[in-house]
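Asker: What follows is the file upload-v2.txt, containing compact mmCIF, C-alpha atoms:
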# COMPACT_ATOMS: atom_id res chain seq x y z
CA MET A 1 -42.63 81.19 11.67
CA THR A 2 -40.35 81.13 14.55
CA ARG A 3 -36.92 79.91 14.06
CA ASN A 4 -34.92 78.70 16.90
CA VAL A 5 -31.12 78.78 16.75
CA GLY A 6 -30.92 75.55 18.76
CA ASN A 7 -32.64 73.67 15.93
CA LEU A 8 -29.93 74.75 13.45
CA ILE A 9 -26.92 73.65 15.51
CA ALA A 10 -27.29 69.92 14.80
CA PRO A 11 -27.47 70.24 10.96
CA LEU A 12 -24.60 72.78 10.93
CA ALA A 13 -22.42 70.47 13.06
CA ALA A 14 -23.17 67.57 10.66
CA ILE A 15 -22.22 69.67 7.61
CA ALA A 16 -18.98 70.80 9.30
CA LEU A 17 -18.08 67.20 10.20
CA PHE A 18 -18.79 66.08 6.62
CA ALA A 19 -16.57 68.87 5.26
CA LEU A 20 -13.76 67.85 7.62
CA VAL A 21 -13.94 64.21 6.46
CA LEU A 22 -13.86 65.31 2.80
CA LEU A 23 -10.84 67.56 3.42
CA GLN A 24 -8.86 64.80 5.15
CA THR A 25 -9.70 62.25 2.43
CA TRP A 26 -8.72 64.68 -0.32
CA THR A 27 -5.35 65.52 1.26
CA SER A 28 -4.59 61.84 1.90
CA LEU A 29 -5.32 60.90 -1.70
CA ARG A 30 -3.14 63.73 -2.99
CA ALA A 31 -0.30 62.78 -0.65
CA ALA A 32 -0.48 59.18 -1.84
CA GLY A 33 -0.33 60.29 -5.48
CA ALA A 34 -3.71 58.88 -6.41
CA TRP A 35 -4.96 62.18 -7.90
CA HIS A 36 -1.83 63.19 -9.76
CA ALA A 37 -1.81 63.00 -13.51
CA ARG A 38 -0.60 59.57 -14.51
CA LYS A 39 2.31 59.16 -16.82
CA PRO A 40 1.81 56.70 -19.66
CA ALA A 41 3.08 53.26 -18.76
CA VAL A 42 6.14 52.07 -20.61
CA ALA A 43 5.39 48.93 -22.57
CA ILE A 44 7.97 46.27 -21.76
CA ALA A 45 8.23 43.48 -24.27
CA ALA A 46 7.71 40.10 -22.63
CA ASP A 47 10.50 37.59 -22.95
CA ASP A 48 9.90 35.01 -25.61
CA PRO A 49 9.64 31.68 -23.77
CA PHE A 50 10.77 29.78 -26.87
CA LEU A 51 13.79 31.96 -27.65
CA MET A 52 16.30 29.51 -26.14
CA LEU A 53 14.70 26.57 -27.94
CA ASP A 54 14.81 28.43 -31.26
CA GLN A 55 18.50 29.19 -30.73
CA GLN A 56 19.34 25.54 -30.00
CA LEU A 57 17.41 24.33 -33.01
CA GLY A 58 19.05 26.96 -35.20
CA ARG A 59 22.55 25.70 -34.48
CA ALA A 60 24.25 23.58 -37.10
CA PHE A 61 23.92 19.83 -36.56
CA ARG A 62 27.10 18.25 -35.34
CA PRO A 63 27.61 14.50 -35.29
CA MET A 64 27.61 12.69 -31.98
CA ALA A 65 30.81 11.45 -30.45
CA ALA A 66 31.67 7.81 -31.12
CA THR A 67 31.43 6.93 -27.44
CA ILE A 68 27.81 8.02 -27.12
CA ARG A 69 25.15 5.53 -28.10
CA ASP A 70 22.29 6.75 -30.27
CA PRO A 71 19.07 5.71 -28.53
CA PHE A 72 17.18 5.74 -31.84
CA ARG A 73 19.36 3.17 -33.59
CA PHE A 74 19.34 -0.55 -32.97
CA GLY A 75 22.54 -1.90 -31.50
CA GLY A 76 25.40 -0.08 -29.92
CA VAL A 77 28.77 1.30 -30.90
CA SER A 78 30.84 -0.79 -28.59
CA ALA A 79 31.22 -4.56 -28.58
CA PRO A 80 28.57 -6.29 -26.53
CA VAL A 81 29.56 -7.12 -23.01
CA ALA A 82 29.11 -10.72 -21.95
CA ILE A 83 27.39 -10.92 -18.64
CA LYS A 84 28.02 -14.09 -16.72
CA THR A 85 25.19 -15.01 -14.48
CA ALA A 86 25.14 -18.19 -12.54
CA THR A 87 21.70 -19.65 -12.79
CA LYS A 88 20.87 -21.15 -9.49
CA LEU A 89 18.12 -23.67 -9.67
CA PRO A 90 15.73 -23.59 -6.78
CA ARG A 91 15.99 -26.52 -4.45
CA LEU A 92 12.94 -28.64 -4.46
CA GLU A 93 12.27 -29.89 -1.01
CA VAL A 94 10.20 -32.98 -0.71
CA PRO A 95 7.59 -32.32 1.92
CA ALA A 96 7.75 -34.59 4.90
CA PRO A 97 4.94 -37.10 5.08
CA PRO A 98 2.19 -35.98 7.40
CA ALA A 99 2.63 -37.08 10.97
CA ARG A 100 0.76 -40.19 12.04
CA PRO A 101 -0.73 -40.97 15.43
CA VAL A 102 0.95 -43.76 17.41
CA LEU A 103 -1.22 -46.63 18.68
CA THR A 104 -0.34 -47.37 22.29
CA ALA A 105 -2.94 -49.87 23.46
CA ILE A 106 -6.22 -51.56 22.49
CA VAL A 107 -8.83 -52.63 25.02
CA TRP A 108 -10.94 -55.31 23.34
CA ASP A 109 -14.37 -56.08 24.84
CA ASN A 110 -18.05 -55.33 24.10
CA ASP A 111 -17.18 -51.62 23.65
CA PRO A 112 -13.61 -51.61 22.21
CA ARG A 113 -11.37 -48.66 23.05
CA ALA A 114 -7.83 -47.66 22.10
CA ILE A 115 -5.20 -45.25 23.36
CA VAL A 116 -3.46 -43.17 20.70
CA ASN A 117 -0.63 -40.65 21.16
CA TRP A 118 -1.09 -37.60 18.95
CA LYS A 119 0.58 -34.16 19.22
CA GLY A 120 2.02 -34.88 22.64
CA ARG A 121 -1.28 -36.01 24.12
CA ALA A 122 -2.79 -39.45 24.87
CA TRP A 123 -6.30 -39.84 23.42
CA THR A 124 -8.73 -42.52 24.50
CA ILE A 125 -10.83 -43.26 21.42
CA HIS A 126 -13.76 -45.48 20.37
CA GLU A 127 -15.51 -46.18 17.06
CA GLY A 128 -17.27 -43.17 15.50
CA LEU A 129 -15.35 -40.64 17.63
CA LEU A 130 -13.96 -37.47 16.07
CA PHE A 131 -10.67 -36.45 17.67
CA ASP A 132 -8.53 -33.58 16.41
CA GLU A 133 -8.63 -34.09 12.60
CA PHE A 134 -9.40 -37.83 12.57
CA VAL A 135 -12.56 -39.92 12.62
CA VAL A 136 -12.25 -43.38 14.17
CA THR A 137 -13.63 -45.80 11.58
CA SER A 138 -13.03 -49.12 13.31
CA ILE A 139 -11.18 -50.77 16.17
CA ARG A 140 -10.09 -54.43 15.83
CA PRO A 141 -7.97 -56.56 18.18
CA GLU A 142 -4.79 -55.85 16.21
CA GLN A 143 -5.45 -52.53 14.43
CA VAL A 144 -7.28 -49.19 14.47
CA VAL A 145 -8.50 -47.51 11.27
CA LEU A 146 -8.67 -43.70 11.22
CA LYS A 147 -9.89 -41.44 8.47
CA ARG A 148 -8.47 -37.94 7.77
CA GLY A 149 -10.30 -36.27 4.86
CA ASP A 150 -10.19 -38.84 2.02
CA GLU A 151 -7.19 -40.69 3.46
CA SER A 152 -7.54 -43.82 5.55
CA ILE A 153 -4.79 -44.52 8.09
CA VAL A 154 -4.31 -47.97 9.56
CA LEU A 155 -2.52 -48.10 12.91
CA THR A 156 -1.23 -51.50 13.98
CA ARG A 157 -0.29 -52.58 17.44
CA LYS A 158 3.41 -53.10 17.93
CA SER A 159 4.53 -56.38 19.36
CA SER A 160 5.80 -56.32 22.91
CA GLY A 161 9.46 -56.48 21.77
CA GLU A 162 9.34 -53.34 19.61
The structure in this file should be written as structure tokens.

Answerer:
Amino acid sequence: MTRNVGNLIAPLAAIALFALVLLQTWTSLRAAGAWHARKPAVAIAADDPFLMLDQQLGRAFRPMAATIRDPFRFGGVSAPVAIKTATKLPRLEVPAPPARPVLTAIVWDNDPRAIVNWKGRAWTIHEGLLFDEFVVTSIRPEQVVLKRGDESIVLTRKSSGE
């Protein structure tokens, strides 16, 4: 068997590198104190969270001052205070009657028509017409009958002097 020195260099270099890494790790752990013998930890008693409550409950009961009201008793220590409140009744406002169209003119012939002013506009209407919220029920020589919902509204022509 022939052994070549060149074949041994690679494994020897790997072993040397591994030894170097182990040495550095060991010295770092010793410097940090990780491998020193540990001292036993001192047991510190935890504070009792109810110590203050126990002390307050252990104190002797002392009566409350006369000026402090006991929330667990009915009534108070002092004389009741009269509170004057002016009761203001709400004003009831009577709603204004709904606005009514104004009959301006009636044209009476075979197909009667009328002119009605409503919401600032002049409407030319005939029987059966739906305008705004009204239905024209009938047109007669002296009056026009409109229907709004269940309410019937009769518009009469004003005389020429009115």

Asker: Which residues come within 10 Å of range 108-117 of chain A, counting only C-alpha atoms, excluding same-chain residues fewer than 3 positions away, as a list in words?

Answerer: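 In the requested form, the answer reads Arg100, Pro101, Val102, Leu103, Thr104, Ala105, Gly120, Arg121, Ala122, Trp123, Thr124, Ile125, His126, Glu127, Ser138, Ile139, Arg140, Pro141, Glu142, Gln143, Val144 and Leu155 of chain A.
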
Asker: Taking only C-alpha atoms into account, which of A:Asp132, A:Leu12, A:Ala31, A:Gly6 comes nearest Trp118 in chain A?

Answerer: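 Checking each candidate against Trp118 in chain A, we get A:Asp132 as the closest.
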
Asker: What separation in Å, quoted to one decimal, exists between CA of Trp26 in chain A and CA of Leu8 in chain A?

Answerer: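 It comes out at 27.2 Å.
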
Asker: Just how far from CA of Val136 in chain A is CA of Ser152 in chain A, in Å to one decimal?

Answerer: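 Interatomic distance, CA of Ser152 in chain A to CA of Val136 in chain A: 9.8 Å.
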
Asker: Need the shell around Phe134 in chain A: protein/DNA/RNA residues with any atom at most 8 Å away, counting all atoms listed in the file. Skip same-chain ones fewer than 2 positions apart. Format as an mmCIF file with C-alpha atoms, keeping the file's coordinate frame?

Answerer:
data_model
loop_
_atom_site.group_PDB
_atom_site.id
_atom_site.type_symbol
_atom_site.label_atom_id
_atom_site.label_comp_id
_atom_site.auth_asym_id
_atom_site.auth_seq_id
_atom_site.Cartn_x
_atom_site.Cartn_y
_atom_site.Cartn_z
ATOM 1 C CA LEU A 130 -13.960 -37.470 16.070
ATOM 2 C CA PHE A 131 -10.670 -36.450 17.670
ATOM 3 C CA ASP A 132 -8.530 -33.580 16.410
ATOM 4 C CA VAL A 136 -12.250 -43.380 14.170
ATOM 5 C CA LEU A 146 -8.670 -43.700 11.220
ATOM 6 C CA LYS A 147 -9.890 -41.440 8.470
ATOM 7 C CA ARG A 148 -8.470 -37.940 7.770
ATOM 8 C CA GLY A 149 -10.300 -36.270 4.860
#

Asker: Please give the centre and size of the box around range 119-137 of chain A (axis-aligned, containing every atom listed in the file, 6 Å added per side), with values in Å to one decimal and written as JSON.

Answerer:
{"center_x": -7.6, "center_y": -39.9, "center_z": 18.2, "size_x": 31.3, "size_y": 24.6, "size_z": 25.3}

Asker: One decimal, in Å: what's the spacing between CA of Ile68 in chain A and CA of Gln55 in chain A?

Answerer: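 These atoms are spaced 23.4 Å apart.
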